[in-house]
Amino acid sequence: MNNKALPYLLLLPATLFLLVFFVYPFVQIAVLAFSGPEGFTLKPFQTMATHWKFQTTLWNTILLAAIVVPIQLLLALSMASIVTKLKTGRNIILYIFTIPLGLSDLAAGIIWLAIFEQSGFLNSMLVGLGLTERPMLFLSYQNLWVIFVAVILAEIWRATAIVMVILVSGMGLIPKEYYEAAEVFGAGPWKRFLKVTLPMLRPSLQTALILRTIAAFEVFAVVVALGGTTLPVLMGETFSWQFTLTDRHVAAAYALVILAISIASTLVFLRVLRTPKGATV
Amino acid sequence: MSDTVSVDAPRPVAEINAAGRFLFIAGIVLLCAWVLVPIYFLVVNTLSSPQEVAGFPKSAIPSFDFGSLQFFLHFKGVGWALWNSVLVAGLTMALSIGIGAPAGYALSRFEFPGKASFRMLVLMTRAFPLPLLALPLAVMFIRVGLDDSPIGLALVHTTLALPFAVLITFSIFSGIPLELEEAAWTLGCNRVQAFSKVVLPLVMPGIAASAIFAFTISWNEVFAAAVLTVENRTLTAFLLQNLSVSPLHLRFAGGAALVMPALIFIFAVRKYLFAMWGIANR
Amino acid sequence: MAEIVIKNVAKSFGQFRALDSIDLTIADQEFVVLLGASGCGKTTLLRIIAGLETPTGGEVWIGGRRVDRLPPRERGISMVFQNYAVFPHLTVFENIAFGLRMKKLPQAEIDERVRRTAELLHIEQLLKRYSGQISGGQRQRVAVARALAMEPDVILMDEPLSNLDALLRLEMRAELKGVLAHSKTTTIYVTHDQVEAMSLADRIAVMDKGRIVQAASPVEVYRNPANRFVGSFIGNPPMNFIAATKAGDGKWLVAGLTMDGPSSAKDRLEFAIRPEDVDIKPGGLRATARVVEPLGAHTLVTCEVAGMPFRAVLDSDVRVAVGDELGLVPIPDRVRWFDPETTIAV
């Protein structure tokens with residue numbers, strides 16, 4: 001019953017597809033970023049780097065990720081711990097916790113707009129509670145840091161679910177016996193979490209951090225929904241160079257910058273969170 | 001007889017549990033509220049009249065006025081955008097399962113040279129900011145005549161959804177023991193019959209969930225949709241473009257249109273979210 | 001007519017040689033057991049006969065036809081898998097009927113065959129249930145029924161009893177023996193349990209590291225093992241081995257005792273005797289009792305003979321205490337000798 005060619009035949013459509021729609025455009029971006037009317041040139045990168053917005057854009061994107069990802073990790077760990085301990089109502093709670101997974105980042109942006117908007121729910125609550133007299137203009141270019149906070153909240157709200165799913169799956173793989181053994185040897189719940197759960201979660205943590213960080217660098221629609229163009233981020237700048245300023249080369253250069261920091265962080269996580277051979281479940 | 005020095009009388013076990021349990025439940029309630037309240041606000045806004053949406057202060061109870069929704073649905077371009085979103089998502093679903101499921105099957109059943117490379121290729125796609133691919137593909141599509149077409153965008157979305165489709169189907173097929181197919185072979189089936197009579201009935205729910213997941217990914221995608229569609233905008237591209245210029249109630253109603261189907265989708269596939277990462281959530 | 005001939009079959013997985021020049025002929029309606037430890041190649045051989053693996057070399061003939069390039073469905077075989085492989089989405093009835101439907105038999109005949117086989121395996125009351133609703137033992141019966149309903153020329157069984165608990169295994173073994181004798185099919189049965197092999201087989205093919213070491217009747221394999229491996233693998237507790245040095249022509253020194261043995265040019269041989277083939281009598285091997293286990297039916301005494309462990313199975317009436325000095329006399333015609341280098345029986 002062995003047809004040597006069968007696996008290759010089954011794999012062929014997917015491989016071809018990925019070559020045409022992934023590898024090829026990727027190569028094109030790389031080429032675009034390094035070319036101009038006369039051929040190979042570093043001009044796109046120069047234009048990008050010397051543009052007045054570049055530093056802020058890069059800084060904003062990295063800062064956002066640096067704040068959002070750790071908070072999401074902690075939140076997801078808490079949610080995952082809670083969920084694995086639940087017996088009754090587990091399914092409902094799990095469904096509720098994973099709802100944000102299915103939401104578009106644009107939808108999330110709009111939802112938090114409803115809260116932070118000048119006539120929005122946050123203002124309504126503040127005025128209602130008597131904390132302020134008039135509704136405050138949160139999302140204006142004068143309060144850049146407020147927009148920042150709003151974006152952070154929206155991103156945490158939206159994207160923690162995927163981290164939680166990965167961690168819950170990882171936790172499910174840890175055999176109960178390890179906890180029981182730890183308990184017999186005198187470890188309380190917090191110690192058990194530190195010494196059993198976290199180390200055994202390493203592969204899941206690694207996956208979750210890599211995926212989430214890369215996604216964090218791609219933040220786009222949430223920022224647009226909440227701040228329009230007042231808060232520049234890398235993906236947004238890529239978009240605007242492509243369409244508003246119609247310089248595809250600079251857009252490609254931006255794309256490569258995103259790729260570069262994505263790869264860099266992936267390598268860091270792969271190194272820092274690697275599990276020694278043979279030390280897994 | 002012995003001299004017992006009592007330092008700390010140990011707290012009764014019941015006491016510790018009560019405090020711990022209170023925190024536990026409080027934590028759950030808080031987290032659920034954290035997730036649900038913002039969505040509730042959106043619902044309130046959607047079910048309010050346009051004046052109420054722009055007005056202040058906001059009430060916590062929706063007035064069940066369908067004015068905003070009506071405005072949204074009748075707004076120029078919305079119906080067409082909704083249709084496009086459905087079309088593109090449907091195409092993405094069909095393509096990603098049609099291409100991804102055979103690959104998932106091959107990965108779960110066979111050992112062959114190149115297997116590791118293929119898995120690496122699939123994993124790499126997840127590590128890469130995929131929507132950026134829309135940029136060069138926009139040019140390529142213009143040359144081929146696929147620009148601003150649902151199928152063009154569906155192809156980009158399939159690139160996004162394909163890794164998930166392959167990995168989810170791989171996990172699902174791996175859960176079906178090869179022994180079942182072998183038993184079918186000894187009972188008179190060829191490969192195809194064994195697959196259709198034994199494997200397919202058992203994986204149907206999982207495949208359906210993969211399909212819905214692919215649909216959701218396409219439905220929610222923003223960047224590529226904005227880049228690649230002009231006349232035939234999908235809902236996400238439409239909203240993005242109109243975000244700064246449209247009135248508030250339009251934005252919120254649009255947001256609701258994005259959110260409601262997604263809520264249903266995630267409900268349908270919740271079991272398989274975890275299959276994707278290796279465990280089954282019963 | 002379902003004679004099976006295996007000619008010079010070999011199978012390699014990459015660098016690993018799983019099977020090496022296997023030759024075996026199985027007569028029509030014979031019950032042959034492939035016996036060996038994990039990794040010896042017995043399951044691989046079975047799967048090659050079934051058609052689930054292709055041999056790297058050699059030929060397989062079933063009923064006079066060469067089948068090694070044919071898929072399983074064209075070989076006239078039926079198989080019972082180790083984990084039963086009962087289809088979870090079908091009822092017990094549909095499971096048993098599966099192969100018959102593939103053959104496109106008329107419904108009446110399918111009904112009749114399914115009922116008949118189910119009665120044979122005592123599962124006729126389970127026909128409407130699904131595999132998730134029945135126990136492991138019942139699932140095993142469904143798997144056997146499904147294979148038998150095909151009325152095959154050859155039935156192949158891959159460790160069908162190994163996932164059952166001890167008591168169930170004992171019962172099923174007896175049942176299987178009866179059912180298979182009644183069905184008049186050629187049977188090839190794989191197991192690592194030598195008790196199963198001894199109980200069920202017409203012939204046992206003992207396998208080790210990809211080769212058949214001995215293929216003979218259970219009594220023959222027990223009494224006259226072809227090499228040291230067979231001697232130590234069959235029999236529980238295992239055979240005792242003591243190094244022997246030449247003390248003259250046909251005479252050998254075994255742990256201080258001079259015994260009659262084979263004439264050989266070598267000056268070293270290995271002396272072997274089963275634990276139950278020694279008696280406590282004056283003279284004999286000098287043994288010091290170290291562990292005494294009264295097992296009810298008999299007493300197992302682990303002794304020290306010339307500094308090496310030696311097990312003896314004694315009648316339960318015999319009283320032995322730890323530290324006792326015993327004289328163990330081997331029964332002369334049960335003594336076996338092995339060449340220490342080639343391990344072949346002498």
# chains A, B, ... in the order shown; residues from 1 in each chain; ligands from 1
call {"tool": "closest_atom_pairs", "arguments": {"of": "chain C", "to": "chain A", "cutoff": "12 Å", "atoms": "only C-alpha atoms", "output": "Markdown table"}}
result
| residue | atom | partner | partner_atom | distance |
| --- | --- | --- | --- | --- |
| C:Arg47 | CA | A:Met1 | CA | 11.2 |
| C:Ile48 | CA | A:Met1 | CA | 10.7 |
| C:Ala50 | CA | A:Met1 | CA | 10.4 |
| C:Gly51 | CA | A:Met1 | CA | 7.0 |
| C:Leu52 | CA | A:Met1 | CA | 6.2 |
| C:Glu53 | CA | A:Met1 | CA | 7.2 |
| C:Thr54 | CA | A:Asn2 | CA | 7.6 |
| C:Pro55 | CA | A:Asn2 | CA | 11.1 |
| C:Asp68 | CA | A:Met1 | CA | 10.7 |
| C:Arg69 | CA | A:Met1 | CA | 8.8 |
| C:Leu70 | CA | A:Met1 | CA | 8.0 |
| C:Pro71 | CA | A:Met1 | CA | 5.6 |
| C:Pro72 | CA | A:Met1 | CA | 7.7 |
| C:Arg73 | CA | A:Met1 | CA | 9.9 |
| C:Glu74 | CA | A:Met1 | CA | 11.2 |
call {"tool": "write_last_selection", "arguments": {"atoms": "N, CA and C atoms", "output": "PDB file, in the first residue's frame"}}
result
ATOM      1  N   ARG C  47       2.996  -7.918   9.326  1.00  0.00           N
ATOM      2  CA  ARG C  47       2.506  -6.839   8.471  1.00  0.00           C
ATOM      3  C   ARG C  47       2.929  -7.048   7.021  1.00  0.00           C
ATOM      4  N   ILE C  48       4.092  -7.682   6.820  1.00  0.00           N
ATOM      5  CA  ILE C  48       4.503  -7.976   5.454  1.00  0.00           C
ATOM      6  C   ILE C  48       3.581  -9.029   4.850  1.00  0.00           C
ATOM      7  N   ALA C  50       0.557  -9.444   5.682  1.00  0.00           N
ATOM      8  CA  ALA C  50      -0.750  -8.788   5.483  1.00  0.00           C
ATOM      9  C   ALA C  50      -0.744  -7.871   4.278  1.00  0.00           C
ATOM     10  N   GLY C  51       0.429  -7.325   3.964  1.00  0.00           N
ATOM     11  CA  GLY C  51       0.474  -6.371   2.863  1.00  0.00           C
ATOM     12  C   GLY C  51       0.502  -4.931   3.333  1.00  0.00           C
ATOM     13  N   LEU C  52       0.704  -4.733   4.640  1.00  0.00           N
ATOM     14  CA  LEU C  52       0.777  -3.375   5.165  1.00  0.00           C
ATOM     15  C   LEU C  52       2.197  -2.823   5.085  1.00  0.00           C
ATOM     16  N   GLU C  53       3.153  -3.699   4.834  1.00  0.00           N
ATOM     17  CA  GLU C  53       4.537  -3.286   4.561  1.00  0.00           C
ATOM     18  C   GLU C  53       4.991  -4.064   3.342  1.00  0.00           C
ATOM     19  N   THR C  54       5.895  -3.450   2.546  1.00  0.00           N
ATOM     20  CA  THR C  54       6.476  -4.227   1.449  1.00  0.00           C
ATOM     21  C   THR C  54       7.867  -4.680   1.832  1.00  0.00           C
ATOM     22  N   PRO C  55       8.194  -5.952   1.564  1.00  0.00           N
ATOM     23  CA  PRO C  55       9.534  -6.450   1.931  1.00  0.00           C
ATOM     24  C   PRO C  55      10.594  -5.812   1.050  1.00  0.00           C
ATOM     25  N   ASP C  68       3.439 -10.693  -2.691  1.00  0.00           N
ATOM     26  CA  ASP C  68       4.163  -9.615  -1.999  1.00  0.00           C
ATOM     27  C   ASP C  68       4.047  -8.247  -2.669  1.00  0.00           C
ATOM     28  N   ARG C  69       3.546  -8.180  -3.877  1.00  0.00           N
ATOM     29  CA  ARG C  69       3.331  -6.853  -4.470  1.00  0.00           C
ATOM     30  C   ARG C  69       1.861  -6.464  -4.478  1.00  0.00           C
ATOM     31  N   LEU C  70       1.006  -7.294  -3.868  1.00  0.00           N
ATOM     32  CA  LEU C  70      -0.422  -7.017  -3.896  1.00  0.00           C
ATOM     33  C   LEU C  70      -0.864  -6.273  -2.640  1.00  0.00           C
ATOM     34  N   PRO C  71      -1.911  -5.422  -2.753  1.00  0.00           N
ATOM     35  CA  PRO C  71      -2.435  -4.752  -1.562  1.00  0.00           C
ATOM     36  C   PRO C  71      -3.201  -5.741  -0.685  1.00  0.00           C
ATOM     37  N   PRO C  72      -3.432  -5.390   0.579  1.00  0.00           N
ATOM     38  CA  PRO C  72      -4.046  -6.340   1.516  1.00  0.00           C
ATOM     39  C   PRO C  72      -5.372  -6.908   1.014  1.00  0.00           C
ATOM     40  N   ARG C  73      -6.163  -6.063   0.351  1.00  0.00           N
ATOM     41  CA  ARG C  73      -7.505  -6.532   0.018  1.00  0.00           C
ATOM     42  C   ARG C  73      -7.492  -7.633  -1.046  1.00  0.00           C
ATOM     43  N   GLU C  74      -6.354  -7.799  -1.712  1.00  0.00           N
ATOM     44  CA  GLU C  74      -6.322  -8.835  -2.740  1.00  0.00           C
ATOM     45  C   GLU C  74      -5.626 -10.096  -2.291  1.00  0.00           C
TER      46      GLU C  74
END
call {"tool": "closest_atom_pairs", "arguments": {"of": "chain A", "to": "chain B", "cutoff": "6 Å", "atoms": "only C-alpha atoms", "output": "tab-separated table"}}
result
residue	atom	partner	partner_atom	distance
A:Pro7	CA	B:Ala106	CA	5.1
A:Leu10	CA	B:Pro102	CA	5.1
A:Leu11	CA	B:Ala103	CA	4.7
A:Pro13	CA	B:Ile99	CA	5.8
A:Ala14	CA	B:Ile99	CA	5.4
A:Pro25	CA	B:Pro136	CA	5.6
A:Gly102	CA	B:Ala262	CA	5.2
A:Ser104	CA	B:Asn220	CA	4.3
A:Ala107	CA	B:Gly255	CA	5.0
A:Ile111	CA	B:Leu42	CA	5.7
A:Ser119	CA	B:Phe56	CA	5.2
A:Phe121	CA	B:Lys58	CA	5.9
A:Ser124	CA	B:Pro57	CA	4.7
A:Ser169	CA	B:Ile279	CA	5.7
call {"tool": "interface_residues", "arguments": {"of": "chain C", "to": "chain B", "cutoff": "12 Å", "atoms": "only C-alpha atoms", "output": "PyMOL selection string"}}
result
chain C and resi 13-14+47+49-53+70-90+94-104+143-144+146-152+154-158
call {"tool": "write_last_selection", "arguments": {"atoms": "C-alpha atoms", "output": "CSV table (one decimal), in the first residue's frame"}}
result
chain,number,residue,atom,x,y,z
C,13,PHE,CA,14.0,0.6,7.6
C,14,GLY,CA,16.8,2.9,6.5
C,47,ARG,CA,2.5,-6.8,8.5
C,49,ILE,CA,2.3,-11.0,5.1
C,50,ALA,CA,-0.7,-8.8,5.5
C,51,GLY,CA,0.5,-6.4,2.9
C,52,LEU,CA,0.8,-3.4,5.2
C,53,GLU,CA,4.5,-3.3,4.6
C,70,LEU,CA,-0.4,-7.0,-3.9
C,71,PRO,CA,-2.4,-4.8,-1.6
C,72,PRO,CA,-4.0,-6.3,1.5
C,73,ARG,CA,-7.5,-6.5,0.0
C,74,GLU,CA,-6.3,-8.8,-2.7
C,75,ARG,CA,-4.6,-11.4,-0.6
C,76,GLY,CA,-7.5,-13.2,1.0
C,77,ILE,CA,-6.4,-12.3,4.5
C,78,SER,CA,-8.2,-10.9,7.5
C,79,MET,CA,-6.5,-9.2,10.4
C,80,VAL,CA,-7.1,-8.5,14.1
C,81,PHE,CA,-5.1,-5.5,15.3
C,82,GLN,CA,-3.5,-5.0,18.7
C,83,ASN,CA,-5.6,-2.0,19.6
C,84,TYR,CA,-8.6,-3.6,17.8
C,85,ALA,CA,-9.2,-0.7,15.4
C,86,VAL,CA,-13.0,-1.0,15.8
C,87,PHE,CA,-14.5,1.9,13.8
C,88,PRO,CA,-15.9,4.4,16.3
C,89,HIS,CA,-18.5,5.9,14.0
C,90,LEU,CA,-20.2,2.6,13.2
C,94,GLU,CA,-21.8,-2.3,10.9
C,95,ASN,CA,-18.3,-3.0,12.0
C,96,ILE,CA,-18.6,-6.7,11.5
C,97,ALA,CA,-20.5,-6.2,8.3
C,98,PHE,CA,-17.9,-3.7,6.9
C,99,GLY,CA,-15.9,-6.1,4.9
C,100,LEU,CA,-18.9,-7.9,3.7
C,101,ARG,CA,-20.4,-4.7,2.4
C,102,MET,CA,-17.2,-4.0,0.6
C,103,LYS,CA,-17.6,-7.4,-1.1
C,104,LYS,CA,-21.1,-6.4,-2.1
C,143,ALA,CA,-12.4,-7.1,16.2
C,144,VAL,CA,-12.2,-10.9,16.0
C,146,ARG,CA,-15.1,-8.7,12.1
C,147,ALA,CA,-12.1,-10.7,10.8
C,148,LEU,CA,-13.9,-14.0,11.0
C,149,ALA,CA,-17.1,-12.8,9.2
C,150,MET,CA,-15.0,-12.4,6.1
C,151,GLU,CA,-14.4,-16.2,6.1
C,152,PRO,CA,-10.8,-15.6,5.0
C,154,VAL,CA,-5.8,-16.7,6.4
C,155,ILE,CA,-6.3,-14.8,9.6
C,156,LEU,CA,-3.6,-12.7,11.1
C,157,MET,CA,-3.5,-11.6,14.7
C,158,ASP,CA,-1.2,-9.0,16.2
call {"tool": "residues_around", "arguments": {"residues": "range 287-289 of chain C", "least_positions_apart": "2", "cutoff": "8 Å", "atoms": "only C-alpha atoms", "output": "list in words"}}
result
Leu285, Val291, Val292, Val301, Thr302, Cys303, Glu304, Val305, Ala306, Val320, Ala321, Val322, Gly323, Asp324, Glu325, Leu326, Gly327 and Leu328 of chain C
call {"tool": "residues_around", "arguments": {"residues": "Pro175 in chain A", "least_positions_apart": "4", "cutoff": "10 Å", "atoms": "only C-alpha atoms", "output": "list in words"}}
result
Met171, Tyr179, Glu180, Met200 and Val281 of chain A
call {"tool": "atom_distance", "arguments": {"atom1": "CA of Ala181 in chain A", "atom2": "CA of Leu209 in chain A"}}
result
29.0 Å
call {"tool": "select_by_dssp", "arguments": {"residues": "range 101-195 of chain A", "states": "alpha helix (DSSP H)", "output": "PDB file with C-alpha atoms, in the first residue's frame"}}
result
ATOM      1  CA  ASP A 105      -8.271  44.424  15.245  1.00  0.00           C
ATOM      2  CA  LEU A 106     -10.336  47.053  13.521  1.00  0.00           C
ATOM      3  CA  ALA A 107     -13.397  46.014  15.503  1.00  0.00           C
ATOM      4  CA  ALA A 108     -11.376  46.142  18.699  1.00  0.00           C
ATOM      5  CA  GLY A 109     -10.229  49.636  17.822  1.00  0.00           C
ATOM      6  CA  ILE A 110     -13.796  50.733  17.235  1.00  0.00           C
ATOM      7  CA  ILE A 111     -14.968  49.189  20.487  1.00  0.00           C
ATOM      8  CA  TRP A 112     -12.397  51.048  22.520  1.00  0.00           C
ATOM      9  CA  LEU A 113     -13.214  54.153  20.557  1.00  0.00           C
ATOM     10  CA  ALA A 114     -16.681  53.898  22.022  1.00  0.00           C
ATOM     11  CA  ILE A 115     -15.087  54.084  25.437  1.00  0.00           C
ATOM     12  CA  PHE A 116     -12.468  56.768  24.932  1.00  0.00           C
ATOM     13  CA  PHE A 121     -18.507  55.758  27.999  1.00  0.00           C
ATOM     14  CA  LEU A 122     -15.409  56.657  29.953  1.00  0.00           C
ATOM     15  CA  ASN A 123     -16.340  60.301  29.956  1.00  0.00           C
ATOM     16  CA  SER A 124     -19.936  59.396  30.796  1.00  0.00           C
ATOM     17  CA  MET A 125     -18.756  57.454  33.818  1.00  0.00           C
ATOM     18  CA  LEU A 126     -16.331  60.133  34.965  1.00  0.00           C
ATOM     19  CA  VAL A 127     -18.942  62.849  34.749  1.00  0.00           C
ATOM     20  CA  GLY A 128     -21.590  60.588  36.194  1.00  0.00           C
ATOM     21  CA  LEU A 144      -0.610  61.647  22.575  1.00  0.00           C
ATOM     22  CA  TRP A 145       0.076  59.601  25.637  1.00  0.00           C
ATOM     23  CA  VAL A 146      -3.662  59.025  26.155  1.00  0.00           C
ATOM     24  CA  ILE A 147      -3.968  57.652  22.655  1.00  0.00           C
ATOM     25  CA  PHE A 148      -1.006  55.484  23.498  1.00  0.00           C
ATOM     26  CA  VAL A 149      -2.693  54.149  26.613  1.00  0.00           C
ATOM     27  CA  ALA A 150      -5.933  53.592  24.716  1.00  0.00           C
ATOM     28  CA  VAL A 151      -4.088  51.588  22.064  1.00  0.00           C
ATOM     29  CA  ILE A 152      -2.346  49.563  24.751  1.00  0.00           C
ATOM     30  CA  LEU A 153      -5.637  48.774  26.465  1.00  0.00           C
ATOM     31  CA  ALA A 154      -7.300  47.842  23.204  1.00  0.00           C
ATOM     32  CA  GLU A 155      -4.428  45.586  22.177  1.00  0.00           C
ATOM     33  CA  ILE A 156      -4.287  43.876  25.552  1.00  0.00           C
ATOM     34  CA  TRP A 157      -8.029  43.412  25.471  1.00  0.00           C
ATOM     35  CA  ARG A 158      -8.004  41.962  21.995  1.00  0.00           C
ATOM     36  CA  ALA A 159      -4.950  39.817  21.728  1.00  0.00           C
ATOM     37  CA  THR A 160      -4.463  38.226  25.151  1.00  0.00           C
ATOM     38  CA  ALA A 161      -6.836  35.429  24.197  1.00  0.00           C
ATOM     39  CA  ILE A 162      -4.466  33.826  21.710  1.00  0.00           C
ATOM     40  CA  VAL A 163      -1.699  33.716  24.294  1.00  0.00           C
ATOM     41  CA  MET A 164      -4.122  32.205  26.768  1.00  0.00           C
ATOM     42  CA  VAL A 165      -5.169  29.477  24.323  1.00  0.00           C
ATOM     43  CA  ILE A 166      -1.552  28.486  23.752  1.00  0.00           C
ATOM     44  CA  LEU A 167      -0.839  28.441  27.483  1.00  0.00           C
ATOM     45  CA  VAL A 168      -3.964  26.463  28.345  1.00  0.00           C
ATOM     46  CA  SER A 169      -2.967  23.870  25.791  1.00  0.00           C
ATOM     47  CA  GLY A 170       0.510  23.765  27.217  1.00  0.00           C
ATOM     48  CA  MET A 171      -0.770  23.427  30.760  1.00  0.00           C
ATOM     49  CA  GLY A 172      -3.031  20.608  29.717  1.00  0.00           C
ATOM     50  CA  LYS A 176      -0.947  15.923  37.209  1.00  0.00           C
ATOM     51  CA  GLU A 177       1.618  13.634  38.807  1.00  0.00           C
ATOM     52  CA  TYR A 178       4.268  16.338  38.740  1.00  0.00           C
ATOM     53  CA  TYR A 179       2.105  18.627  40.854  1.00  0.00           C
ATOM     54  CA  GLU A 180       1.239  15.820  43.212  1.00  0.00           C
ATOM     55  CA  ALA A 181       4.886  14.901  43.613  1.00  0.00           C
ATOM     56  CA  ALA A 182       5.793  18.537  44.281  1.00  0.00           C
ATOM     57  CA  GLU A 183       3.056  18.793  46.868  1.00  0.00           C
ATOM     58  CA  VAL A 184       4.246  15.659  48.610  1.00  0.00           C
ATOM     59  CA  PRO A 189       0.649  26.456  45.371  1.00  0.00           C
ATOM     60  CA  TRP A 190       2.821  29.444  44.458  1.00  0.00           C
ATOM     61  CA  LYS A 191       6.010  27.377  44.605  1.00  0.00           C
ATOM     62  CA  ARG A 192       4.376  24.709  42.470  1.00  0.00           C
TER      63      ARG A 192
END
call {"tool": "select_by_dssp", "arguments": {"residues": "range 3-139 of chain A", "states": "strand (DSSP E)", "output": "list in words"}}
result
Ser35, Gly36, Gly39 and Phe40 of chain A
call {"tool": "write_last_selection", "arguments": {"atoms": "N, CA and C atoms", "output": "PDB file, in the first residue's frame"}}
result
ATOM      1  N   SER A  35      16.134  48.864  -4.505  1.00  0.00           N
ATOM      2  CA  SER A  35      16.294  49.298  -5.892  1.00  0.00           C
ATOM      3  C   SER A  35      15.636  50.648  -6.135  1.00  0.00           C
ATOM      4  N   GLY A  36      16.076  51.290  -7.186  1.00  0.00           N
ATOM      5  CA  GLY A  36      15.501  52.558  -7.623  1.00  0.00           C
ATOM      6  C   GLY A  36      15.489  52.552  -9.136  1.00  0.00           C
ATOM      7  N   GLY A  39      18.635  50.994 -10.584  1.00  0.00           N
ATOM      8  CA  GLY A  39      19.141  49.699 -10.151  1.00  0.00           C
ATOM      9  C   GLY A  39      19.417  49.679  -8.658  1.00  0.00           C
ATOM     10  N   PHE A  40      20.395  48.882  -8.251  1.00  0.00           N
ATOM     11  CA  PHE A  40      20.666  48.698  -6.834  1.00  0.00           C
ATOM     12  C   PHE A  40      21.026  50.023  -6.172  1.00  0.00           C
TER      13      PHE A  40
END
call {"tool": "atom_distance", "arguments": {"atom1": "CA of Arg311 in chain C", "atom2": "CA of Ala255 in chain C"}}
result
14.5 Å
call {"tool": "closest_residue", "arguments": {"among": "C:Met207, C:Ala272, C:Val213, C:Ile331", "to": "Leu34 in chain C", "atoms": "only C-alpha atoms"}}
result
C:Met207
call {"tool": "residues_around", "arguments": {"residues": "Leu127 in chain C", "least_positions_apart": "6", "cutoff": "8 Å", "atoms": "only C-alpha atoms", "output": "PyMOL selection string"}}
result
chain C and resi 91-93+118
call {"tool": "write_last_selection", "arguments": {"atoms": "C-alpha atoms", "output": "PDB file, in the first residue's frame"}}
result
ATOM      1  CA  THR C  91     -22.304   0.212  15.313  1.00  0.00           C
ATOM      2  CA  VAL C  92     -20.966  -3.197  16.234  1.00  0.00           C
ATOM      3  CA  PHE C  93     -23.184  -4.678  13.536  1.00  0.00           C
ATOM      4  CA  ALA C 118     -21.545 -12.485  16.782  1.00  0.00           C
TER       5      ALA C 118
END
call {"tool": "atom_distance", "arguments": {"atom1": "CA of Arg173 in chain C", "atom2": "CA of Leu200 in chain C"}}
result
7.7 Å
call {"tool": "residues_around", "arguments": {"residues": "Ile212 in chain C", "least_positions_apart": "4", "cutoff": "12 Å", "atoms": "only C-alpha atoms", "output": "VMD selection string"}}
result
chain C and resid 6 8 to 10 18 to 25 33 to 36 40 to 42 45 204 to 208 216 226 to 227 229 to 230
call {"tool": "closest_residue", "arguments": {"among": "C:Arg115, C:Gly58, C:Ser38, C:Ile26", "to": "Val190 in chain C", "atoms": "only C-alpha atoms"}}
result
C:Ser38
